[in-house]
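See below for the structure under consideration.
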Amino acid sequence: MDFEADQAALVLTDPDVVVVVVVVVVVPIMAIHGTQVPWGKVVMDGVPVVSARRLPSMLRALPEVLGPERVAALADQARIRLHPAA
């Protein structure tokens with residue numbers, strides 16, 4: 001999980017910023033489909049493990065770090081630069 005989060009952070013950079021160093025922090029969260037997670041959430045090696053059903057509310061509860069426009073730009077970058085595993 002940490003490796004994948006680091007790879008996402010490397011890909012999701014800000015191409016408009018040349019002089020300022022931008023640090024993108026990507027926090028791994030594992031969402032489990034098709035089974036229940038004990039107590040609704042478990043943390044393993046610092047990675048929260050939640051049921052997929054709980055993920056949207058968990059993400060909405062996080063503090064807003066980026067505005068909607070920046071989130072949309074990062075989502076576009078992710079679609080273009082991240083490729084599914086073969």
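Identifiers in the structure tokens: chain A, B, ... in order shown; residue index from 1 per chain; ligand index from 1 in order shown.
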Polymer residues at most 12 Å from Pro28 (chain A), only C-alpha atoms, same-chain spacing of 3 or more positions, as a ChimeraX atom specification: /A:1-9,25,31,43-50,59
Please identify all polymer residues within 6 Å of Ala52 (chain A), counting only C-alpha atoms, omitting same-chain residues fewer than 3 positions from it, and present them as a PDB file with N, CA, C and O atoms, in the first residue's frame.
ATOM      1  N   ALA A  31     -10.134  -0.352   0.810  1.00  0.00           N
ATOM      2  CA  ALA A  31     -11.572  -0.613   0.873  1.00  0.00           C
ATOM      3  C   ALA A  31     -11.821  -2.061   0.462  1.00  0.00           C
ATOM      4  O   ALA A  31     -11.382  -2.486  -0.599  1.00  0.00           O
ATOM      5  N   ILE A  32     -12.521  -2.799   1.296  1.00  0.00           N
ATOM      6  CA  ILE A  32     -12.780  -4.220   1.082  1.00  0.00           C
ATOM      7  C   ILE A  32     -14.199  -4.408   0.547  1.00  0.00           C
ATOM      8  O   ILE A  32     -15.152  -3.899   1.124  1.00  0.00           O
ATOM      9  N   HIS A  33     -14.332  -5.148  -0.553  1.00  0.00           N
ATOM     10  CA  HIS A  33     -15.636  -5.465  -1.148  1.00  0.00           C
ATOM     11  C   HIS A  33     -16.036  -6.890  -0.787  1.00  0.00           C
ATOM     12  O   HIS A  33     -15.193  -7.778  -0.730  1.00  0.00           O
ATOM     13  N   LEU A  55     -16.471   3.747   2.711  1.00  0.00           N
ATOM     14  CA  LEU A  55     -15.440   4.624   2.157  1.00  0.00           C
ATOM     15  C   LEU A  55     -15.940   6.030   1.803  1.00  0.00           C
ATOM     16  O   LEU A  55     -15.298   7.009   2.191  1.00  0.00           O
TER      17      LEU A  55
END
Which one of A:Arg60, A:Val11, A:Arg81, A:Pro38 sits closest to Val26 (chain A) if you count only C-alpha atoms?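 The answer is A:Val11, which sits nearest to Val26 (chain A).
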How would you write, as a list of chain:residue names, the set of residues in chain A that DSSP gives as strand (DSSP E or B)?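 Here is the list: A:Met30, A:Ala31, A:Ile32, A:Lys41, A:Val42, A:Val43, A:Met44, A:Val47, A:Pro48, A:Val49, A:Val50, A:Ser51.
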Interatomic distance (Å, one decimal) between CA of Leu10 (chain A) and CA of Leu82 (chain A):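 So the answer is 10.4 Å.
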What separation in Å, quoted to one decimal, exists between CA of Ala61 (chain A) and CA of Met30 (chain A)? 16.2 Å
Between CA of Arg53 (chain A) and CA of Lys41 (chain A), what is the distance, to one decimal in Å?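 Distance between the two atoms: 11.4 Å.
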